[in-house]
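For reference, the structure discussed in these notes is given below.
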Amino acid sequence: MASRGIRDRVAIVGMGCTPFGELWDKSTDDLLTDATTECARSAGIALGDVDAFWLGTMGSGQSGLTLSKPLKIDYKPVTRVENFCATGSEAFRNACYAVASGAYDVAMAVGVEKLKDSGYSGLTGIRQVGDGTNAGLSSPAVFSLLVPAYAHKYGVDPEELKAVMTRIAFKNHQNGAVNPRAQFRSGVSMEKIASSPLVAGQLGVFDCSGVSDGAAAVVVCRTEDASRYTDSPLYVKGLSFVAGPAAGIIDPEYDYTSFEEVVRSAADAYRQAGITDPRSQLAMAEVHDCFTPTELVLMEDLGFAERGTAWKEVLAGTFDRDGELPVNPDGGLKSFGHPIGASGLRMLFECWLQLRRKAPSERQIATVADPGRTLGLTHNLGGGPGECVSFVGVVGSEPTD
Amino acid sequence: MASGIVSWATYLPYWRLERASIGVAFGTTPGRGTRAVASYDEDTTTLGVEAARRALQPAGVPVPDDLFFSTPDPAYLDKTNASTIHAALGLPPSTGAYDLCGSVRSGWAAMRLAALEGERHASIAVVSDLRTGLAGGAEESQGGDGAAAFVFAPEGAVAEVLGHASVTHEFLDRWRVPGDSASRQWEDRFGEEALVPLGRAAFSGALADAGLTVDEIDHLVVAGLHARAVGTLRKTLGVAPQRVATDYTSLIGNLGAAQAATGLAEVLERAGPDQAVVVLGVGDGADAVVFRTTPALVGVQEARRREGMMEVAASVDQGRRDLPYAVYLTWRGHLRREPPRRPDPERPDAPAMRRNEGWKFGFGASRCLECGFVHLPPTRVCLSCRSVDHMEPQRLAGVRGTVATFTVDRLAFSLSPPMVGAVIDFDGGGRYRGEMTDVDPEALAIGTRVEMTFRRFYSAQGVHNYFWKARPVSDRIDDRGEQVGGVVPAEVGGGEGG
């Protein structure tokens, strides 16, 4: 029994991604139509050429009808999946396995979320009242628990840590400012970020990702068929998804400075992909920066920085778009907002552009050309510190020798 | 061995409202002193739980066979509130639980019933009140919120009942229509004229029943919401002023149904053995009871001080005094504040609450019998050793803990934003992430010591969602833990984990 992975057996041959934002004029159906149309065109196929669909959405619809009805899909399998904030990546993962197994030749994964119609601030969960004993902490509050714990463990001055969080938000907004698909397309000054009204703990408004609408889609096939659709596919190197036992929230050993689920899924994905030193081997990483301290901790959990040092690396610019390892070069959740079902595929879309050197020159990362790295990572985390699901995927522009 | 009171406790909430703040808000002459204020997450049931937990906590206090709960402001009608208290105390199913709700005077009925039943088996009376009035009025500024609990038992009494008398008359002095959020009162002097003679009659009747003369009274407590009548009786019954119990209403307000019991508690905390204590209450009539303390009182007083139990005289002086009047009005539902832009909470599900009674109402965890790992909430599969269905229930409501990390949540729904959240590690095992209350976020830190308190989280569609929150333990009480070597005090036995 082992997690063997499907390294290089599946290729990405087309992608589409809508602009993300407060899309008051777009319905869920519109977003699905926009993303899948762009995606099919990218692969040079018609929607009818797709043999099976995976639809990821947290709450913008139920069942495969959510996709088949607006797109008028002709009696094909459509599987709706949900896995918290990893929902889009989960749709992608299952579509990859479908073609890898040989069950289907061409599969499409679509992720969508229409959040802005609710009229609420932040994300609102699905009704889970039960006996009424679940603590009603909001998502920013749950993730803000990382901040005093990290400061305490590593002896970082709280004000310095706030500066680190500010730096993360600043970097991601800088990246998003030059990305036409981002929700927020202007840079934000450090002063404005640092002085934004507090939402939870030390998290100000600008330490939180936005709430937006959006959709993205990807077409996959077996690697041997990729040339039918494109001469520059991406290859799936590793796919790992884990759900933990939610140990941290009941285990006093857990210290709120790490996501064990991320550590485990990263190790699994790296092993599948043959990665031994992610910091030097990856050209880029798209990570789940739902809140600035999340990205900080992820830099250590994903192996980009030693324990207790990510805060220094952030300040040193290691993860800037022109840094040693660009993290969230598209602007991340910070600039895109977080339409749950779409986010994982939006991250993959950035790999699709950057690793194939198709990003606009003003924001094309340098690590692809020099030192010629070919791998990109996408990561999602759903839940919160102590109880979460985690996805880590690695894709690359070159087949392994 | 004598039957009578074997244990008692009171609970005054954390908050105080400066009466001056009311005058400032209305541009009228500011009042003096403070009143005790139940927090936004407290009601008469939770106030009662806090008092009853303390009364049952000392070692040797018997598990009551009956629980009588009285309040003029019940959280529920039709549904028994005493059963919520019963569950929060972790009492065994064989303990009866009854409400005596409605009038302020019902508090006397709970005490009398518990005293009568206490001659046969242990019984607890819990009296609780949350006084309200129209904004700017005397009912609002002079009232106070609090609760008291008395355990009666056939043996080991610290005070026996020597005599009793009641007088009843029908007249309109103070009233509230069900559903109203404020009490009203007729003209002050009318009530005084009606009540004072009734008080005298009950007082002399109880003395005669006990076979005592006025000179033999060591302590007199006079209680009642009618301040003028109470004041007149305190001065004119012939009891020397130094033997009349201190009037704390300027600091905490008038506790209504809980006032007489709180006054008795205060006396028991400083009385000597073999002393006569008279408690007189006026309201829609008058009631008087004569107690005689026993030699057992001295040992119980010493044990309570050793355990650091909060005494009335000390608790009246405590509390946060920076409660803005507008916040107070919001808590009482007299002012509608803009909520966060978040969905309203939904009512909890009755079957889930019933399945999880031990957890929800008793804060009962499960401890693995194989490896000892403590799970909050209780689970069937052990996180540590993965053994299945090899757990024992363990009640953690009375166990203290330490803050591992914390946050102030300005986005989450709360009846009084911001919500304060914390991760708590309990002494002896068990971690829980939940809400804090009665806390100054500025003073919260990793390592802060906390204890659990039973609260009403919110009400939705007429259902009150009760559960436990953590609050900082006062330094004084925490010192006790150090003195006894950090040993966790056991809570009442029986029904652990429900």
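Letters A, B, ... go to the chains of the structure tokens in the order shown; residues in each chain start at 1; ligands are counted from 1 in the same order.
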Contact residues (chain A, partner chain B, 6 Å, only C-alpha atoms) as a PDB file with N, CA and C atoms, in the first residue's frame:
ATOM      1  N   TYR A 120     -22.883  39.282   2.624  1.00  0.00           N
ATOM      2  CA  TYR A 120     -22.190  39.241   3.912  1.00  0.00           C
ATOM      3  C   TYR A 120     -20.719  39.582   3.739  1.00  0.00           C
ATOM      4  N   SER A 121     -20.086  39.947   4.849  1.00  0.00           N
ATOM      5  CA  SER A 121     -18.640  40.138   4.868  1.00  0.00           C
ATOM      6  C   SER A 121     -17.984  38.785   5.085  1.00  0.00           C
ATOM      7  N   VAL A 129     -25.247  23.613  12.644  1.00  0.00           N
ATOM      8  CA  VAL A 129     -25.545  24.085  13.990  1.00  0.00           C
ATOM      9  C   VAL A 129     -25.401  22.943  14.995  1.00  0.00           C
ATOM     10  N   GLY A 130     -26.032  21.824  14.724  1.00  0.00           N
ATOM     11  CA  GLY A 130     -25.921  20.679  15.631  1.00  0.00           C
ATOM     12  C   GLY A 130     -26.343  21.038  17.043  1.00  0.00           C
ATOM     13  N   ASP A 131     -25.486  20.688  18.008  1.00  0.00           N
ATOM     14  CA  ASP A 131     -25.842  20.957  19.406  1.00  0.00           C
ATOM     15  C   ASP A 131     -25.506  22.386  19.825  1.00  0.00           C
ATOM     16  N   GLY A 132     -25.007  23.188  18.875  1.00  0.00           N
ATOM     17  CA  GLY A 132     -24.775  24.607  19.179  1.00  0.00           C
ATOM     18  C   GLY A 132     -23.500  24.870  19.946  1.00  0.00           C
ATOM     19  N   ALA A 135     -17.615  26.609  18.342  1.00  0.00           N
ATOM     20  CA  ALA A 135     -17.225  28.003  18.554  1.00  0.00           C
ATOM     21  C   ALA A 135     -17.462  28.788  17.272  1.00  0.00           C
ATOM     22  N   LEU A 137     -16.034  31.266  15.979  1.00  0.00           N
ATOM     23  CA  LEU A 137     -14.945  32.124  15.515  1.00  0.00           C
ATOM     24  C   LEU A 137     -14.958  32.206  13.994  1.00  0.00           C
ATOM     25  N   SER A 138     -14.713  33.394  13.477  1.00  0.00           N
ATOM     26  CA  SER A 138     -14.638  33.583  12.034  1.00  0.00           C
ATOM     27  C   SER A 138     -13.305  33.048  11.517  1.00  0.00           C
ATOM     28  N   ALA A 141     -10.232  34.985  12.452  1.00  0.00           N
ATOM     29  CA  ALA A 141      -9.895  34.795  13.872  1.00  0.00           C
ATOM     30  C   ALA A 141      -9.167  33.478  14.081  1.00  0.00           C
ATOM     31  N   LEU A 145      -4.876  33.026  15.213  1.00  0.00           N
ATOM     32  CA  LEU A 145      -4.304  32.316  16.357  1.00  0.00           C
ATOM     33  C   LEU A 145      -2.839  31.961  16.110  1.00  0.00           C
ATOM     34  N   ALA A 149       1.171  32.751  18.633  1.00  0.00           N
ATOM     35  CA  ALA A 149       1.875  31.483  18.849  1.00  0.00           C
ATOM     36  C   ALA A 149       3.242  31.491  18.164  1.00  0.00           C
ATOM     37  N   VAL A 199      -9.402  43.162  12.030  1.00  0.00           N
ATOM     38  CA  VAL A 199     -10.525  42.230  11.830  1.00  0.00           C
ATOM     39  C   VAL A 199     -10.522  41.169  12.930  1.00  0.00           C
ATOM     40  N   ALA A 200      -9.355  40.616  13.177  1.00  0.00           N
ATOM     41  CA  ALA A 200      -9.234  39.596  14.220  1.00  0.00           C
ATOM     42  C   ALA A 200      -7.787  39.532  14.675  1.00  0.00           C
ATOM     43  N   GLY A 201      -7.587  39.539  15.978  1.00  0.00           N
ATOM     44  CA  GLY A 201      -6.236  39.512  16.512  1.00  0.00           C
ATOM     45  C   GLY A 201      -5.421  40.625  15.884  1.00  0.00           C
ATOM     46  N   ILE A 250      -7.525  19.452  19.437  1.00  0.00           N
ATOM     47  CA  ILE A 250      -7.761  18.770  20.716  1.00  0.00           C
ATOM     48  C   ILE A 250      -6.470  18.301  21.388  1.00  0.00           C
ATOM     49  N   ASP A 251      -5.335  18.497  20.697  1.00  0.00           N
ATOM     50  CA  ASP A 251      -4.077  17.989  21.247  1.00  0.00           C
ATOM     51  C   ASP A 251      -3.217  19.122  21.794  1.00  0.00           C
ATOM     52  N   PRO A 252      -2.986  19.140  23.095  1.00  0.00           N
ATOM     53  CA  PRO A 252      -2.167  20.223  23.674  1.00  0.00           C
ATOM     54  C   PRO A 252      -0.747  20.271  23.122  1.00  0.00           C
TER      55      PRO A 252
END
From the DSSP assignment of the backbone, select every residue of stretch 330-480 of chain B that is strand (DSSP E or B), and format the answer as number ranges by chain.
B: 364-368, 374-375, 381, 388, 391-395, 401-409, 419-426, 431-436, 449-460, 463-472
Report, in Å with one decimal, the straight-line distance from atom CA of B:Ile124 to atom CA of B:Gly256.
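Separation between atom CA of B:Ile124 and atom CA of B:Gly256: 19.1 Å.
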Skipping near chain neighbours, those fewer than 6 positions away, what residues fall within 6 Å of stretch 235-245 of chain A using only C-alpha atoms, listed as a PyMOL selection string?
chain A and resi 7-8+10-11+261+265+269+272-273+389-396
Contacts of A:Ala35 at 7 Å (only C-alpha atoms; same-chain gap of 2+ positions) as a ChimeraX atom specification:
/A:16-18,31-33,37-39,215-217
Which residues are near B:Gly362? Cut-off 10 Å, only C-alpha atoms, ignore same chain within fewer than 3 positions. Put them as an NGL selection string.
:B and (84-91 or 356-359 or 365 or 394-398 or 454 or 467-468 or 495-498)
Just write the chosen residues, N, CA and C atoms, as a PDB file, in the first residue's frame.
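For reference, again02.pdb as written:
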ATOM      1  N   THR B  84     -32.016  22.689  33.118  1.00  0.00           N
ATOM      2  CA  THR B  84     -30.778  23.188  32.523  1.00  0.00           C
ATOM      3  C   THR B  84     -29.696  23.311  33.600  1.00  0.00           C
ATOM      4  N   ILE B  85     -30.105  23.848  34.750  1.00  0.00           N
ATOM      5  CA  ILE B  85     -29.153  23.977  35.866  1.00  0.00           C
ATOM      6  C   ILE B  85     -28.703  22.593  36.316  1.00  0.00           C
ATOM      7  N   HIS B  86     -29.657  21.685  36.419  1.00  0.00           N
ATOM      8  CA  HIS B  86     -29.388  20.288  36.795  1.00  0.00           C
ATOM      9  C   HIS B  86     -28.325  19.690  35.871  1.00  0.00           C
ATOM     10  N   ALA B  87     -28.483  19.915  34.574  1.00  0.00           N
ATOM     11  CA  ALA B  87     -27.533  19.360  33.605  1.00  0.00           C
ATOM     12  C   ALA B  87     -26.169  20.033  33.719  1.00  0.00           C
ATOM     13  N   ALA B  88     -26.186  21.344  33.925  1.00  0.00           N
ATOM     14  CA  ALA B  88     -24.912  22.071  34.023  1.00  0.00           C
ATOM     15  C   ALA B  88     -24.142  21.665  35.275  1.00  0.00           C
ATOM     16  N   LEU B  89     -24.883  21.257  36.315  1.00  0.00           N
ATOM     17  CA  LEU B  89     -24.228  20.819  37.548  1.00  0.00           C
ATOM     18  C   LEU B  89     -23.793  19.370  37.470  1.00  0.00           C
ATOM     19  N   GLY B  90     -24.225  18.669  36.432  1.00  0.00           N
ATOM     20  CA  GLY B  90     -23.889  17.252  36.320  1.00  0.00           C
ATOM     21  C   GLY B  90     -24.570  16.414  37.389  1.00  0.00           C
ATOM     22  N   LEU B  91     -25.764  16.822  37.807  1.00  0.00           N
ATOM     23  CA  LEU B  91     -26.472  16.059  38.845  1.00  0.00           C
ATOM     24  C   LEU B  91     -27.028  14.770  38.255  1.00  0.00           C
ATOM     25  N   ASN B 356     -25.930  15.008  23.078  1.00  0.00           N
ATOM     26  CA  ASN B 356     -24.663  15.523  23.605  1.00  0.00           C
ATOM     27  C   ASN B 356     -24.856  16.274  24.922  1.00  0.00           C
ATOM     28  N   GLU B 357     -25.823  15.845  25.716  1.00  0.00           N
ATOM     29  CA  GLU B 357     -26.138  16.579  26.946  1.00  0.00           C
ATOM     30  C   GLU B 357     -24.915  16.727  27.850  1.00  0.00           C
ATOM     31  N   GLY B 358     -24.163  15.642  27.995  1.00  0.00           N
ATOM     32  CA  GLY B 358     -23.008  15.675  28.893  1.00  0.00           C
ATOM     33  C   GLY B 358     -21.960  16.678  28.446  1.00  0.00           C
ATOM     34  N   TRP B 359     -21.818  16.836  27.163  1.00  0.00           N
ATOM     35  CA  TRP B 359     -20.846  17.788  26.608  1.00  0.00           C
ATOM     36  C   TRP B 359     -21.385  19.198  26.665  1.00  0.00           C
ATOM     37  N   ALA B 365     -15.866  15.659  28.927  1.00  0.00           N
ATOM     38  CA  ALA B 365     -14.955  15.139  27.912  1.00  0.00           C
ATOM     39  C   ALA B 365     -14.999  13.615  27.932  1.00  0.00           C
ATOM     40  N   GLN B 394     -15.515  12.317  31.437  1.00  0.00           N
ATOM     41  CA  GLN B 394     -14.797  13.109  32.431  1.00  0.00           C
ATOM     42  C   GLN B 394     -15.280  14.543  32.354  1.00  0.00           C
ATOM     43  N   ARG B 395     -15.797  15.024  33.477  1.00  0.00           N
ATOM     44  CA  ARG B 395     -16.330  16.370  33.512  1.00  0.00           C
ATOM     45  C   ARG B 395     -15.200  17.362  33.751  1.00  0.00           C
ATOM     46  N   LEU B 396     -15.102  18.364  32.847  1.00  0.00           N
ATOM     47  CA  LEU B 396     -14.020  19.337  32.975  1.00  0.00           C
ATOM     48  C   LEU B 396     -14.530  20.734  33.356  1.00  0.00           C
ATOM     49  N   ALA B 397     -15.833  20.824  33.672  1.00  0.00           N
ATOM     50  CA  ALA B 397     -16.405  22.139  33.969  1.00  0.00           C
ATOM     51  C   ALA B 397     -15.700  22.806  35.140  1.00  0.00           C
ATOM     52  N   GLY B 398     -15.207  22.023  36.077  1.00  0.00           N
ATOM     53  CA  GLY B 398     -14.574  22.600  37.260  1.00  0.00           C
ATOM     54  C   GLY B 398     -13.058  22.574  37.211  1.00  0.00           C
ATOM     55  N   PHE B 454     -20.689  28.760  32.695  1.00  0.00           N
ATOM     56  CA  PHE B 454     -21.838  28.359  31.881  1.00  0.00           C
ATOM     57  C   PHE B 454     -22.553  29.600  31.379  1.00  0.00           C
ATOM     58  N   PHE B 467     -23.916  27.053  26.569  1.00  0.00           N
ATOM     59  CA  PHE B 467     -22.688  26.258  26.539  1.00  0.00           C
ATOM     60  C   PHE B 467     -21.677  26.942  27.462  1.00  0.00           C
ATOM     61  N   TRP B 468     -20.486  26.423  27.447  1.00  0.00           N
ATOM     62  CA  TRP B 468     -19.464  26.896  28.383  1.00  0.00           C
ATOM     63  C   TRP B 468     -18.461  27.817  27.696  1.00  0.00           C
ATOM     64  N   GLY B 495     -23.065  11.789  38.283  1.00  0.00           N
ATOM     65  CA  GLY B 495     -23.460  12.329  36.989  1.00  0.00           C
ATOM     66  C   GLY B 495     -22.330  12.968  36.217  1.00  0.00           C
ATOM     67  N   GLU B 496     -21.109  12.652  36.548  1.00  0.00           N
ATOM     68  CA  GLU B 496     -19.993  13.235  35.812  1.00  0.00           C
ATOM     69  C   GLU B 496     -20.111  12.922  34.332  1.00  0.00           C
ATOM     70  N   GLY B 497     -20.066  13.915  33.527  1.00  0.00           N
ATOM     71  CA  GLY B 497     -20.119  13.716  32.080  1.00  0.00           C
ATOM     72  C   GLY B 497     -21.519  13.424  31.584  1.00  0.00           C
ATOM     73  N   GLY B 498     -22.498  13.364  32.494  1.00  0.00           N
ATOM     74  CA  GLY B 498     -23.893  13.171  32.076  1.00  0.00           C
ATOM     75  C   GLY B 498     -24.047  11.893  31.301  1.00  0.00           C
TER      76      GLY B 498
END
For atom CA of B:Leu207 and atom CA of B:His164, the interatomic separation in Å (one decimal):
7.7 Å
Neighbour list for A:Gly303 as a list in words, cut-off 12 Å, only C-alpha atoms, skip fewer than 6 positions in-chain
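So the residues in contact are Ser258, Val262, Val263, Arg264, Ser265, Ala266, Ala267, Tyr270, Ile275, Thr276, Asp277, Pro278, Arg279, Ser280, Gln281, Leu282, Ala285, Leu296, Val297, Thr309, Ala310, Leu325 and Leu377 of chain A.
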Any idea what's packed within 9 Å of stretch 397-399 of chain A, counting only C-alpha atoms, ignoring anything in its chain fewer than 2 positions away? Could you give it as a short mmCIF file (atom, residue, chain, number, x, y, z; two decimals) with N, CA and C atoms, in the first residue's frame?
data_model
loop_
_atom_site.label_atom_id
_atom_site.label_comp_id
_atom_site.auth_asym_id
_atom_site.auth_seq_id
_atom_site.Cartn_x
_atom_site.Cartn_y
_atom_site.Cartn_z
N ASP A 8 4.00 12.36 -14.67
CA ASP A 8 4.16 12.47 -16.13
C ASP A 8 3.15 11.68 -16.95
N SER A 232 2.85 22.74 -26.21
CA SER A 232 3.49 23.14 -24.93
C SER A 232 2.57 22.79 -23.76
N PRO A 233 2.42 21.51 -23.48
CA PRO A 233 1.59 21.12 -22.34
C PRO A 233 2.35 21.29 -21.03
N LEU A 234 1.62 21.18 -19.93
CA LEU A 234 2.27 21.00 -18.63
C LEU A 234 2.05 19.54 -18.26
N TYR A 235 3.00 18.99 -17.50
CA TYR A 235 2.88 17.60 -17.06
C TYR A 235 2.62 17.55 -15.57
N LYS A 237 3.19 16.25 -12.14
CA LYS A 237 4.32 15.58 -11.49
C LYS A 237 3.91 14.93 -10.16
N TRP A 352 0.40 27.53 -15.58
CA TRP A 352 0.16 27.36 -17.02
C TRP A 352 0.77 28.51 -17.81
N LEU A 355 5.13 28.84 -16.41
CA LEU A 355 6.09 27.78 -16.76
C LEU A 355 6.24 27.65 -18.27
N ARG A 356 5.21 28.04 -19.01
CA ARG A 356 5.28 27.99 -20.47
C ARG A 356 5.73 29.35 -21.04
N THR A 374 11.76 24.32 -14.13
CA THR A 374 10.59 23.92 -14.93
C THR A 374 9.38 23.56 -14.09
N LEU A 375 9.52 23.57 -12.77
CA LEU A 375 8.43 23.07 -11.91
C LEU A 375 7.70 24.19 -11.19
N GLY A 376 6.40 23.99 -11.06
CA GLY A 376 5.59 24.91 -10.29
C GLY A 376 4.73 24.16 -9.29
N VAL A 395 3.40 20.65 -10.99
CA VAL A 395 3.33 20.47 -12.43
C VAL A 395 4.65 20.97 -13.03
N ASP A 401 13.21 12.94 -17.74
CA ASP A 401 14.06 12.16 -18.65
C ASP A 401 13.86 10.66 -18.41
#
Between atom CA of A:Pro293 and atom CA of A:Ser144 - distance in Å to one decimal
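Distance reported for this atom pair: 7.2 Å.
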Which of stretch 138-228 of chain A fall in helix (DSSP H, G or I), as a ChimeraX atom specification
/A:139-144,146-154,158-177,190-194,205-207,223-228
Which residue, B:Tyr14, B:Tyr76, B:Trp175, B:Tyr40, has the smallest gap to B:Val316 when you use only C-alpha atoms?
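Answer, going by the shortest atom-to-atom distance: B:Tyr14.
Each of B:Pro58, B:Gly48, B:Arg455, B:Ile22 was compared to B:Arg306 using only C-alpha atoms, and B:Pro58 turns out to be the nearest.
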Shortest interatomic distance to A:Val219 - which of A:Arg93, A:Arg363, A:Lys312, A:Lys334, counting only C-alpha atoms:
A:Arg93
Choose the residue, out of A:Tyr75, A:Ile168, A:Asp225, A:Arg373, that has the smallest atom-to-atom separation from A:Ala316; count only C-alpha atoms.
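Going through A:Tyr75, A:Ile168, A:Asp225, A:Arg373 one by one, the smallest distance to A:Ala316 is for A:Ile168.
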